[in-house]
>>> print(open('my_file-v4.cif').read())   # mmCIF, C-alpha atoms
data_protein
loop_
_atom_site.label_atom_id
_atom_site.label_comp_id
_atom_site.auth_asym_id
_atom_site.auth_seq_id
_atom_site.Cartn_x
_atom_site.Cartn_y
_atom_site.Cartn_z
CA MET A 1500 0.00 0.00 0.00
CA TRP A 1501 1.28 3.50 -0.84
CA VAL A 1502 0.73 6.68 1.11
CA TRP A 1503 0.84 9.87 -0.96
CA SER A 1504 0.81 13.14 0.84
CA VAL A 1505 0.98 16.58 -0.64
CA LEU A 1506 0.05 19.26 1.83
CA VAL A 1507 1.94 18.46 5.03
CA ALA A 1508 5.49 19.58 5.77
CA LEU A 1509 8.10 17.00 4.71
CA ALA A 1510 9.43 16.28 8.21
CA ILE A 1511 5.92 15.73 9.55
CA ARG A 1512 5.02 13.57 6.54
CA ARG A 1513 7.95 11.26 7.17
CA GLN A 1514 7.14 11.05 10.86
CA ILE A 1515 3.48 10.28 10.23
CA CYS A 1516 4.13 7.72 7.51
CA GLN A 1517 6.87 5.96 9.47
CA GLY A 1518 4.20 5.32 12.10
CA LEU A 1519 2.15 3.34 9.58
CA ARG A 1520 2.90 -0.32 10.13
CA GLY A 1521 4.61 -1.90 7.14
CA GLN A 1522 3.45 0.76 4.73
CA SER A 1523 5.47 2.23 1.91
CA TYR A 1524 5.90 5.98 1.82
CA ARG A 1525 6.04 8.36 -1.11
CA HIS A 1526 5.81 12.12 -1.14
CA ARG A 1527 5.53 14.76 -3.85
CA THR A 1528 7.66 17.83 -3.72
CA ARG A 1529 8.68 20.34 -6.33
CA LEU A 1530 10.62 18.20 -8.74
CA ARG A 1531 11.79 18.75 -12.27
CA ARG A 1532 9.27 17.64 -14.84
CA ARG A 1533 11.44 14.72 -15.99
CA LYS A 1534 11.82 13.46 -12.41
CA LYS A 1535 8.08 13.79 -11.80
CA LEU A 1536 7.34 11.77 -14.92
CA SER A 1537 9.75 9.02 -13.90
CA LEU A 1538 8.17 8.84 -10.41
CA ILE A 1539 4.68 8.66 -11.91
CA ARG A 1540 5.74 5.97 -14.38
CA ALA A 1541 7.29 3.95 -11.55
CA ALA A 1542 4.08 4.25 -9.52
CA THR A 1543 1.74 3.43 -12.42
CA GLY A 1544 -0.57 0.57 -11.51
CA THR A 1545 0.72 0.25 -7.92
CA LEU A 1546 -2.05 1.75 -5.78
CA ASP A 1547 -5.06 -0.10 -4.37
CA GLY A 1548 -6.91 3.11 -3.65
CA ILE A 1549 -6.67 6.88 -3.66
CA ILE A 1550 -8.60 9.36 -1.55
CA ASP A 1551 -8.69 12.55 -3.62
CA THR A 1552 -9.21 15.58 -1.36
CA VAL A 1553 -8.60 18.27 -3.98
CA SER A 1554 -11.43 20.80 -4.16
CA ALA A 1555 -10.23 22.50 -7.35
CA VAL A 1556 -10.85 21.35 -10.91
CA HIS A 1557 -8.10 18.85 -11.76
CA PRO A 1558 -7.54 15.92 -14.14
CA LEU A 1559 -8.54 12.48 -12.87
CA GLN A 1560 -6.79 10.46 -15.60
CA PRO A 1561 -3.31 10.62 -13.99
CA LEU A 1562 -4.79 9.38 -10.72
CA LEU A 1563 -6.62 6.53 -12.45
CA GLY A 1564 -3.34 5.49 -14.07
CA LEU A 1565 -1.78 4.99 -10.64
CA LEU A 1566 -4.46 2.47 -9.62
CA LYS A 1567 -4.06 -1.29 -9.87
CA THR A 1568 -6.74 -3.40 -11.53
CA ASN A 1569 -9.85 -3.20 -9.34
CA GLY A 1570 -8.46 -0.01 -7.74
CA LYS A 1571 -10.72 2.65 -6.30
CA LEU A 1572 -10.58 6.44 -6.56
CA ILE A 1573 -12.70 8.12 -3.90
CA THR A 1574 -13.26 11.85 -4.20
CA VAL A 1575 -14.15 13.87 -1.13
CA GLY A 1576 -13.24 17.33 -2.44
CA VAL A 1577 -16.00 19.34 -4.12
CA PRO A 1578 -14.77 21.39 -7.11
CA ASP A 1579 -16.96 24.26 -8.27
CA LYS A 1580 -17.10 22.82 -11.83
CA PRO A 1581 -17.60 19.24 -13.06
CA LEU A 1582 -14.54 17.03 -13.45
CA GLU A 1583 -13.82 15.32 -16.78
CA LEU A 1584 -13.77 11.54 -16.61
CA TYR A 1585 -13.05 9.13 -19.46
CA THR A 1586 -14.71 5.76 -18.98
CA PHE A 1587 -12.44 3.63 -21.18
CA PRO A 1588 -9.66 3.28 -18.55
CA LEU A 1589 -12.31 2.48 -15.94
CA ILE A 1590 -13.74 -0.36 -18.00
CA LEU A 1591 -10.41 -1.86 -19.08
CA GLY A 1592 -8.87 -1.65 -15.63
CA ARG A 1593 -12.03 -2.59 -13.72
CA LYS A 1594 -11.51 0.59 -11.71
CA LEU A 1595 -14.12 2.37 -9.64
CA VAL A 1596 -14.66 6.06 -8.99
CA GLY A 1597 -16.85 7.09 -6.10
CA GLY A 1598 -17.55 9.99 -3.86
CA SER A 1599 -18.15 10.26 -0.20
CA ALA A 1600 -19.62 12.81 2.13
CA ILE A 1601 -20.05 12.30 5.82
CA GLY A 1602 -21.97 9.07 6.13
CA GLY A 1603 -24.80 8.18 8.43
CA MET A 1604 -24.58 6.16 11.63
CA LYS A 1605 -24.36 2.83 9.79
CA GLU A 1606 -21.49 3.95 7.53
CA THR A 1607 -19.65 5.58 10.43
CA GLN A 1608 -19.90 2.39 12.49
CA GLU A 1609 -18.69 0.30 9.53
CA MET A 1610 -15.68 2.59 9.16
CA ILE A 1611 -14.86 2.39 12.88
CA ASP A 1612 -15.20 -1.41 12.84
CA PHE A 1613 -12.97 -1.67 9.75
CA ALA A 1614 -10.33 0.60 11.31
CA ALA A 1615 -10.37 -1.42 14.54
CA LYS A 1616 -10.06 -4.69 12.62
CA LYS A 1617 -7.06 -3.36 10.65
CA GLY A 1618 -5.44 -1.72 13.68
CA VAL A 1619 -5.80 1.79 12.29
CA ALA A 1620 -6.00 4.47 14.96
CA PRO A 1621 -5.81 8.25 14.72
CA ASN A 1622 -2.84 10.23 15.93
CA ILE A 1623 -4.29 12.66 18.44
CA GLU A 1624 -3.25 14.93 21.26
CA VAL A 1625 -5.63 14.66 24.20
CA ILE A 1626 -5.99 17.94 26.10
CA PRO A 1627 -7.95 19.04 29.17
CA ILE A 1628 -10.70 21.61 28.75
CA ASP A 1629 -8.63 24.33 30.44
CA TYR A 1630 -5.95 23.95 27.71
CA VAL A 1631 -8.32 24.94 24.87
CA ASN A 1632 -7.13 28.56 24.62
CA THR A 1633 -3.50 27.43 24.49
CA ALA A 1634 -4.43 24.85 21.85
CA MET A 1635 -6.03 27.58 19.74
CA GLN A 1636 -2.87 29.68 20.02
CA ARG A 1637 -0.81 26.67 18.96
CA MET A 1638 -3.04 26.17 15.92
CA LEU A 1639 -2.55 29.80 14.90
CA ARG A 1640 1.23 29.29 15.15
CA SER A 1641 1.02 26.05 13.12
CA ASP A 1642 2.46 24.22 16.13
CA VAL A 1643 0.11 21.23 15.84
CA LYS A 1644 0.99 17.81 14.44
CA TYR A 1645 -2.26 15.99 15.10
CA ARG A 1646 -5.89 16.64 15.92
CA PHE A 1647 -6.71 17.94 19.38
CA VAL A 1648 -9.24 15.91 21.35
CA ILE A 1649 -10.70 17.60 24.43
CA ASP A 1650 -11.01 15.21 27.37
CA ILE A 1651 -14.29 16.37 28.87
CA GLY A 1652 -14.81 13.36 31.13
CA SER A 1653 -11.62 13.84 33.13
CA THR A 1654 -12.18 17.56 33.52
CA LEU A 1655 -15.71 17.39 34.90
CA LYS A 1656 -15.97 17.69 38.67
CA ALA A 1657 -17.98 15.12 40.60
CA SER A 1658 -20.60 17.79 41.42
CA ASP A 1659 -20.96 18.64 37.68
CA ALA A 1660 -21.72 15.08 36.63
#
>>> encode(input="my_file-v4.cif", output="structure tokens")
Amino acid sequence: MWVWSVLVALAIRRQICQGLRGQSYRHRTRLRRRKKLSLIRAATGTLDGIIDTVSAVHPLQPLLGLLKTNGKLITVGVPDKPLELYTFPLILGRKLVGGSAIGGMKETQEMIDFAAKKGVAPNIEVIPIDYVNTAMQRMLRSDVKYRFVIDIGSTLKASDA
């Protein structure tokens, strides 16, 4: 399985991806066109799935080319104009393109069960309620690696419960 990341700082990307058990790691940076093409050619047909988070109009064909047979491209970004999609590569490669918004209770539970079965857990920083203002300041300074989770249960007093 490949992990492609585009928007996170390189040092953080490496750190995050090294935490993925037995996963390969690739990253895109500003490379010369020839180098980019060689990386794309090397990755052609190697991915089981791609989660496309881009909310701008962009070509889907290069992403489809990276997928293995039976690969899946899931789009969660919402461009303001329709995306162009050629069906021939989908048919020949038995590839699927789908979209996803926030699912209902059933879908959410299925995702949580799947993640638990595969040992996938989020990287989070648990904070007490009285640390929220500091956490906000850290976010403004871009001093956050993972999602903050506020521990309400431990911060409630016995008389509040």
>>> resolve_selection(input="my_file-v4.cif", expression="the PyMOL selection byres ((chain A and resi 1553-1563) around 10)", output="PyMOL selection string")
chain A and resi 1539+1543-1544+1546+1548-1552+1564-1568+1570-1572+1574-1586+1588-1589+1592+1594-1596
>>> atom_distance(input="my_file-v4.cif", atom1="CA of Ile1649 in chain A", atom2="CA of Val1631 in chain A")
7.7 Å
>>> closest_residue(input="my_file-v4.cif", among="A:Ile1573, A:Ala1615, A:Met1604, A:Ile1623", to="Val1643 in chain A", atoms="only C-alpha atoms")
A:Ile1623
>>> atom_distance(input="my_file-v4.cif", atom1="CA of Asn1569 in chain A", atom2="CA of Ala1542 in chain A")
15.8 Å
>>> closest_residue(input="my_file-v4.cif", among="A:Ala1600, A:Ile1651, A:Ile1611, A:Leu1591", to="Asp1629 in chain A", atoms="all atoms listed in the file")
A:Ile1651
>>> atom_distance(input="my_file-v4.cif", atom1="CA of Thr1633 in chain A", atom2="CA of Phe1647 in chain A")
11.2 Å
>>> residues_around(input="my_file-v4.cif", residues="Ile1628 in chain A", least_positions_apart="3", cutoff="10 Å", atoms="only C-alpha atoms", output="number ranges by chain")
A: 1625, 1631-1632, 1634, 1648-1655
>>> axis_aligned_box(input="my_file-v4.cif", around="range 1629-1647 of chain A", padding_each_side="5 Å", output="lines of an AutoDock Vina configuration file")
center_x = -3.1
center_y = 22.9
center_z = 21.8
size_x = 21.1
size_y = 23.8
size_z = 27.3
>>> residues_around(input="my_file-v4.cif", residues="Pro1621 in chain A", least_positions_apart="3", cutoff="10 Å", atoms="only C-alpha atoms", output="PyMOL selection string")
chain A and resi 1614+1624+1645-1646
>>> decode(input="my_file-v4.cif", residues="range 1550-1596 of chain A", atoms="N, CA and C atoms", output="short mmCIF file (atom, residue, chain, number, x, y, z; two decimals), in the first residue's frame")
data_model
loop_
_atom_site.label_atom_id
_atom_site.label_comp_id
_atom_site.auth_asym_id
_atom_site.auth_seq_id
_atom_site.Cartn_x
_atom_site.Cartn_y
_atom_site.Cartn_z
N ILE A 1550 -7.59 8.43 -2.06
CA ILE A 1550 -8.60 9.36 -1.55
C ILE A 1550 -8.20 10.73 -2.06
N ASP A 1551 -8.97 11.27 -2.97
CA ASP A 1551 -8.69 12.55 -3.62
C ASP A 1551 -9.41 13.66 -2.85
N THR A 1552 -8.64 14.51 -2.19
CA THR A 1552 -9.21 15.58 -1.36
C THR A 1552 -9.18 16.94 -2.04
N VAL A 1553 -8.76 17.00 -3.28
CA VAL A 1553 -8.60 18.27 -3.98
C VAL A 1553 -9.96 18.87 -4.30
N SER A 1554 -10.15 20.13 -3.92
CA SER A 1554 -11.43 20.80 -4.16
C SER A 1554 -11.40 21.73 -5.36
N ALA A 1555 -10.33 21.70 -6.13
CA ALA A 1555 -10.23 22.50 -7.35
C ALA A 1555 -10.40 21.56 -8.55
N VAL A 1556 -10.74 22.14 -9.70
CA VAL A 1556 -10.85 21.35 -10.91
C VAL A 1556 -9.46 20.80 -11.24
N HIS A 1557 -9.37 19.49 -11.47
CA HIS A 1557 -8.10 18.85 -11.76
C HIS A 1557 -8.36 17.59 -12.58
N PRO A 1558 -7.35 17.12 -13.32
CA PRO A 1558 -7.54 15.92 -14.14
C PRO A 1558 -7.55 14.66 -13.28
N LEU A 1559 -8.47 13.74 -13.59
CA LEU A 1559 -8.54 12.48 -12.87
C LEU A 1559 -7.74 11.38 -13.54
N GLN A 1560 -7.47 11.51 -14.85
CA GLN A 1560 -6.79 10.46 -15.60
C GLN A 1560 -5.44 10.08 -14.99
N PRO A 1561 -4.59 11.03 -14.59
CA PRO A 1561 -3.31 10.62 -13.99
C PRO A 1561 -3.50 9.80 -12.71
N LEU A 1562 -4.52 10.13 -11.94
CA LEU A 1562 -4.79 9.38 -10.72
C LEU A 1562 -5.27 7.96 -11.05
N LEU A 1563 -6.12 7.85 -12.05
CA LEU A 1563 -6.62 6.53 -12.45
C LEU A 1563 -5.47 5.65 -12.92
N GLY A 1564 -4.49 6.25 -13.59
CA GLY A 1564 -3.34 5.49 -14.07
C GLY A 1564 -2.50 4.90 -12.95
N LEU A 1565 -2.56 5.49 -11.78
CA LEU A 1565 -1.78 4.99 -10.64
C LEU A 1565 -2.43 3.77 -9.98
N LEU A 1566 -3.72 3.56 -10.27
CA LEU A 1566 -4.46 2.47 -9.62
C LEU A 1566 -4.16 1.11 -10.26
N LYS A 1567 -4.14 0.09 -9.40
CA LYS A 1567 -4.06 -1.29 -9.87
C LYS A 1567 -5.40 -1.67 -10.49
N THR A 1568 -5.47 -2.85 -11.10
CA THR A 1568 -6.74 -3.40 -11.53
C THR A 1568 -7.63 -3.54 -10.30
N ASN A 1569 -8.87 -3.20 -10.43
CA ASN A 1569 -9.85 -3.20 -9.34
C ASN A 1569 -9.59 -2.09 -8.31
N GLY A 1570 -8.74 -1.11 -8.65
CA GLY A 1570 -8.46 -0.01 -7.74
C GLY A 1570 -9.63 0.95 -7.63
N LYS A 1571 -9.61 1.73 -6.56
CA LYS A 1571 -10.72 2.65 -6.30
C LYS A 1571 -10.20 4.07 -6.09
N LEU A 1572 -10.85 5.02 -6.74
CA LEU A 1572 -10.58 6.44 -6.56
C LEU A 1572 -11.80 7.04 -5.87
N ILE A 1573 -11.60 7.53 -4.66
CA ILE A 1573 -12.70 8.12 -3.90
C ILE A 1573 -12.45 9.61 -3.80
N THR A 1574 -13.39 10.40 -4.26
CA THR A 1574 -13.26 11.85 -4.20
C THR A 1574 -14.08 12.38 -3.03
N VAL A 1575 -13.44 13.24 -2.24
CA VAL A 1575 -14.15 13.87 -1.13
C VAL A 1575 -14.11 15.39 -1.26
N GLY A 1576 -13.26 15.90 -2.15
CA GLY A 1576 -13.24 17.33 -2.44
C GLY A 1576 -14.40 17.68 -3.36
N VAL A 1577 -14.85 18.93 -3.31
CA VAL A 1577 -16.00 19.34 -4.12
C VAL A 1577 -15.59 20.54 -4.99
N PRO A 1578 -15.11 20.28 -6.22
CA PRO A 1578 -14.77 21.39 -7.11
C PRO A 1578 -16.01 22.18 -7.51
N ASP A 1579 -15.81 23.43 -7.89
CA ASP A 1579 -16.96 24.26 -8.27
C ASP A 1579 -17.45 23.98 -9.68
N LYS A 1580 -16.69 23.21 -10.47
CA LYS A 1580 -17.10 22.82 -11.83
C LYS A 1580 -16.96 21.31 -11.97
N PRO A 1581 -17.69 20.70 -12.89
CA PRO A 1581 -17.60 19.24 -13.06
C PRO A 1581 -16.20 18.80 -13.49
N LEU A 1582 -15.81 17.61 -13.05
CA LEU A 1582 -14.54 17.03 -13.45
C LEU A 1582 -14.75 16.18 -14.69
N GLU A 1583 -13.74 16.12 -15.57
CA GLU A 1583 -13.82 15.32 -16.78
C GLU A 1583 -13.34 13.92 -16.47
N LEU A 1584 -14.12 12.93 -16.90
CA LEU A 1584 -13.77 11.54 -16.61
C LEU A 1584 -14.00 10.69 -17.85
N TYR A 1585 -12.94 10.04 -18.32
CA TYR A 1585 -13.05 9.13 -19.46
C TYR A 1585 -13.34 7.74 -18.92
N THR A 1586 -14.30 7.06 -19.51
CA THR A 1586 -14.71 5.76 -18.98
C THR A 1586 -13.88 4.59 -19.49
N PHE A 1587 -13.19 4.75 -20.61
CA PHE A 1587 -12.44 3.63 -21.18
C PHE A 1587 -11.43 3.04 -20.19
N PRO A 1588 -10.59 3.87 -19.52
CA PRO A 1588 -9.66 3.28 -18.55
C PRO A 1588 -10.36 2.62 -17.36
N LEU A 1589 -11.55 3.10 -17.03
CA LEU A 1589 -12.31 2.48 -15.94
C LEU A 1589 -12.73 1.07 -16.32
N ILE A 1590 -13.24 0.94 -17.53
CA ILE A 1590 -13.74 -0.36 -18.00
C ILE A 1590 -12.59 -1.35 -18.16
N LEU A 1591 -11.53 -0.93 -18.84
CA LEU A 1591 -10.41 -1.86 -19.08
C LEU A 1591 -9.70 -2.27 -17.79
N GLY A 1592 -9.59 -1.35 -16.86
CA GLY A 1592 -8.87 -1.65 -15.63
C GLY A 1592 -9.76 -2.10 -14.49
N ARG A 1593 -11.07 -2.24 -14.77
CA ARG A 1593 -12.03 -2.59 -13.72
C ARG A 1593 -11.84 -1.69 -12.50
N LYS A 1594 -11.73 -0.39 -12.77
CA LYS A 1594 -11.51 0.59 -11.71
C LYS A 1594 -12.82 1.27 -11.36
N LEU A 1595 -12.91 1.72 -10.12
CA LEU A 1595 -14.12 2.37 -9.64
C LEU A 1595 -13.81 3.79 -9.19
N VAL A 1596 -14.74 4.69 -9.48
CA VAL A 1596 -14.66 6.06 -8.99
C VAL A 1596 -15.91 6.30 -8.17
#
